[in-house]
Structures are given as structure tokens and as C-alpha cells.
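Participant: First the structure, then my questions, so here it is.
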Amino acid sequence: MRAALILAGGRSTRFGDRDKAVAELAGTPMIRRVVDRLAPFVDEVVINCRADQVDAIEAALSGFDPEPSFAVDRDPDAGPMAGIARGLEVVAAEYTVVVACDMPFVDPDVVRFLFERASGHDAAVPRLGEWYQTTQAVYRTESMGSACRRALETGADRIVTPLEELDEVVVDGDAIESVGSLDSFDNVNTVEELEAAEERLGTE
């Protein structure tokens, strides 16, 4: 079994007074675009968010099958590693693709490839140049969840810290481009970037 964990608990501080997770992108809530792209090859979807976001996200995902589960933050604003740890507690599948809610161009072919590369390992994590793409990566659910909890207990706040104890496969940009597009990792942090994303979708 495979799962998708969508991270939506951030405060969207660069997005004005709106929650970017449910912001309309060309007529569709951004988180719905992410989930729709992942749906064909996962068996379950889990949303990590704050308690005050649940109603709006439920509305944005209305009618989606299978119905998503929610992993509500116990300690809001603790960062993405805490969000991953909390979300993976709810996942039943052996492997989980973690994707940030602000990545509306996530490429299904890239995610499918990451699942293939992760098989038999604890993680398949893209690395573009110097940067690990930890919020669009595939993890063995139990291994990554445990590693995140241990890192949090030591006071670590860097999301790459749990990877140090995992059997990870690093996937470089050339490998990504052999199966899909690096646009998969583009995210939307500001209203201006939302407008630019709408223009891109209009030309697809």
C-alpha cells in the first residue's frame, strides 16, 4: 500500500491574510490540485494541518474518494518535521509520499519514480543542487516517523536531520528529468506566485 501525506499546517505568512492551502488556483483550491495529482496511485490520503484549518480543507476536498484522514497538529507552528511525524502516525501504508500543499505542479511521473526508487529502502529524496527536497519525497512510513520523533526529542529543527539515520536513496535532478519535470518542485508562497501559477495553468 502507498499513501500521500499533504503538509498544510504552515501559517502562510507570505500569503497575506489567506490560507494558501485552500486558495483558489484557476478555480480549484490549491490543496485539491495537489491531492488530485496524487490520487491515481495512492491508497490513502492524510492531511496534516492545524485544528482551525480542518473545516475549510474538508470543504476543499469534498467528494474526494477515498475520503482523506486528518492528522491535526498537537503543537501548531512546530515546523514541517513535526508535521511529518504527526502525519505519519495516521498512515497505514508502508510507504508515504510527503508533499507540501503549495506544490500544485507536482508531477505524478516523478512521484511514481520516487516510490520505485524507495522500494527496499527507508527513503527516496530528491536533491536538486545543494538542496534536499524533503517535502516532496517518499519515505518508509514507520522508519521516517520514528526518526522524526527522535530528532524532535533532541531539539533538532532541521528537516534533514532524520535522514542521517535512514537508508536513503538520493535522487538527483538528472534522474528526475529522465522521467518528468523539475517543475514538480515549484511552490506557491505569495499572491504574486499564485497569479503566475494561474498563467502557467492557462497555457498547459
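To be explicit about the labels: the chains of the C-alpha cells are called A, B, and onward in the order shown, and within each one the residues are counted from 1, while ligands get numbers from 1 in the order they are shown.
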For region 90-179 of chain A against region 21-42 of chain A, with a cut-off of 8 Å and counting only C-alpha atoms, what is the closest atom pair and its distance in Å to one decimal for every residue that makes the cut, ordered by chain and number, as CSV?

Facilitator:
residue,atom,partner,partner_atom,distance
A:Cys101,CA,A:Ile31,CA,5.2
A:Asp102,CA,A:Ala21,CA,6.5
A:Met103,CA,A:Val34,CA,6.6
A:Pro104,CA,A:Val34,CA,5.1
A:Phe105,CA,A:Val34,CA,7.4
A:Val106,CA,A:Val34,CA,6.7
A:Asp107,CA,A:Arg37,CA,7.3
A:Pro108,CA,A:Arg37,CA,6.1
A:Val111,CA,A:Leu38,CA,8.0
A:Arg112,CA,A:Phe41,CA,7.7

Participant: Please produce an output containing C-alpha atoms for each residue in the selection, written as a short mmCIF file (atom, residue, chain, number, x, y, z; two decimals), in the first residue's frame.

Facilitator:
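Generated file (part31.cif):
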data_model
loop_
_atom_site.label_atom_id
_atom_site.label_comp_id
_atom_site.auth_asym_id
_atom_site.auth_seq_id
_atom_site.Cartn_x
_atom_site.Cartn_y
_atom_site.Cartn_z
CA CYS A 101 0.21 21.72 -0.08
CA ASP A 102 1.73 24.60 -2.04
CA MET A 103 3.20 22.41 -4.81
CA PRO A 104 0.36 22.43 -7.37
CA PHE A 105 2.60 21.26 -10.22
CA VAL A 106 3.63 18.02 -8.51
CA ASP A 107 4.37 15.60 -11.34
CA PRO A 108 2.72 12.17 -11.00
CA VAL A 111 6.23 10.72 -7.61
CA ARG A 112 5.75 7.31 -9.18
#

Participant: Among region 7-204 of chain A, which residues does DSSP mark as alpha helix (DSSP H) when it is run on the backbone? Keep the chain and numbering as in the structure and answer as a VMD selection string.

Facilitator: chain A and resid 30 to 38 54 to 60 80 to 90 108 to 118 141 to 153 173 to 177 191 to 203

Participant: Could you pull out the residues in region 3-200 of chain A that DSSP calls strand (DSSP E) from the backbone, as a PyMOL selection string?

Facilitator: chain A and resi 3-7+24-25+28-29+44-49+69-72+95-100+123-128+131-132+136-140+168-172

Participant: May I have the residues from that selection written out with C-alpha atoms, as a PDB file, in the first residue's frame?

Facilitator:
ATOM      1  CA  ALA A   3      -0.118   6.775   0.979  1.00  0.00           C
ATOM      2  CA  ALA A   4       0.100  10.506   0.389  1.00  0.00           C
ATOM      3  CA  LEU A   5       0.692  12.892   3.288  1.00  0.00           C
ATOM      4  CA  ILE A   6      -0.071  16.520   2.473  1.00  0.00           C
ATOM      5  CA  LEU A   7       1.536  19.121   4.721  1.00  0.00           C
ATOM      6  CA  GLU A  24      -8.294  29.206  -5.403  1.00  0.00           C
ATOM      7  CA  LEU A  25      -5.859  28.441  -8.193  1.00  0.00           C
ATOM      8  CA  THR A  28      -9.667  24.946  -7.788  1.00  0.00           C
ATOM      9  CA  PRO A  29      -8.330  25.058  -4.213  1.00  0.00           C
ATOM     10  CA  GLU A  44      -4.918   6.641   1.285  1.00  0.00           C
ATOM     11  CA  VAL A  45      -4.537  10.399   1.763  1.00  0.00           C
ATOM     12  CA  VAL A  46      -3.678  12.059   5.072  1.00  0.00           C
ATOM     13  CA  ILE A  47      -3.748  15.806   5.649  1.00  0.00           C
ATOM     14  CA  ASN A  48      -1.568  17.354   8.340  1.00  0.00           C
ATOM     15  CA  CYS A  49      -2.886  20.735   9.436  1.00  0.00           C
ATOM     16  CA  SER A  69      -7.911  11.409   7.072  1.00  0.00           C
ATOM     17  CA  PHE A  70      -6.683  14.299   9.204  1.00  0.00           C
ATOM     18  CA  ALA A  71      -3.630  14.369  11.443  1.00  0.00           C
ATOM     19  CA  VAL A  72      -4.144  17.544  13.433  1.00  0.00           C
ATOM     20  CA  TYR A  95       5.447   3.888   2.038  1.00  0.00           C
ATOM     21  CA  THR A  96       4.269   7.502   2.002  1.00  0.00           C
ATOM     22  CA  VAL A  97       4.891  10.348  -0.387  1.00  0.00           C
ATOM     23  CA  VAL A  98       5.087  13.599   1.551  1.00  0.00           C
ATOM     24  CA  VAL A  99       4.114  16.684  -0.456  1.00  0.00           C
ATOM     25  CA  ALA A 100       3.643  20.283   0.648  1.00  0.00           C
ATOM     26  CA  ALA A 123      13.542   6.931   1.685  1.00  0.00           C
ATOM     27  CA  ALA A 124      13.944   8.332  -1.807  1.00  0.00           C
ATOM     28  CA  VAL A 125      14.727  12.038  -1.516  1.00  0.00           C
ATOM     29  CA  PRO A 126      15.331  14.357  -4.474  1.00  0.00           C
ATOM     30  CA  ARG A 127      18.365  16.598  -4.252  1.00  0.00           C
ATOM     31  CA  LEU A 128      18.491  19.499  -6.674  1.00  0.00           C
ATOM     32  CA  TRP A 131      19.103  21.294  -1.575  1.00  0.00           C
ATOM     33  CA  TYR A 132      17.182  18.235  -0.466  1.00  0.00           C
ATOM     34  CA  GLN A 136       8.327  16.114  -1.991  1.00  0.00           C
ATOM     35  CA  ALA A 137       9.878  12.767  -1.190  1.00  0.00           C
ATOM     36  CA  VAL A 138       8.898   9.172  -0.450  1.00  0.00           C
ATOM     37  CA  TYR A 139       9.559   7.621   2.956  1.00  0.00           C
ATOM     38  CA  ARG A 140       9.076   4.259   4.606  1.00  0.00           C
ATOM     39  CA  GLU A 168      18.050   6.780   1.874  1.00  0.00           C
ATOM     40  CA  VAL A 169      18.368   6.911  -1.885  1.00  0.00           C
ATOM     41  CA  VAL A 170      19.308  10.379  -3.130  1.00  0.00           C
ATOM     42  CA  VAL A 171      17.712  11.199  -6.475  1.00  0.00           C
ATOM     43  CA  ASP A 172      19.429  13.970  -8.434  1.00  0.00           C
TER      44      ASP A 172
END

Participant: For Asp75 (chain A), which residue out of A:Val90, A:Asn187, A:Gly9, A:Ala59 is the nearest one, using only C-alpha atoms?

Facilitator: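 So, comparing all the options, the nearest one is A:Gly9.
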
Participant: Using only C-alpha atoms, which of A:Cys148, A:Ala196, A:Ala60, A:Leu182 sits nearest Arg86 (chain A)?

Facilitator: A:Cys148

Participant: What's the separation between CA of Ser146 (chain A) and CA of Gly10 (chain A), in Å to one decimal place?

Facilitator: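 Distance between the two atoms: 21.9 Å.
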
Participant: Which residue gives the smallest distance to Arg2 (chain A) among A:Thr154, A:Thr141, A:Gln53, A:Asp167, with only C-alpha atoms counted?

Facilitator: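 Answer, going by the shortest atom-to-atom distance: A:Thr141.
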
Participant: Let me make sure I understand: among A:Gly145, A:Gly180, A:Gly129, A:Gly120, which one has the smallest atom-to-atom distance to Val91 (chain A) if we use only C-alpha atoms?

Facilitator: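 Of all the options, A:Gly145 lies closest to Val91 (chain A).
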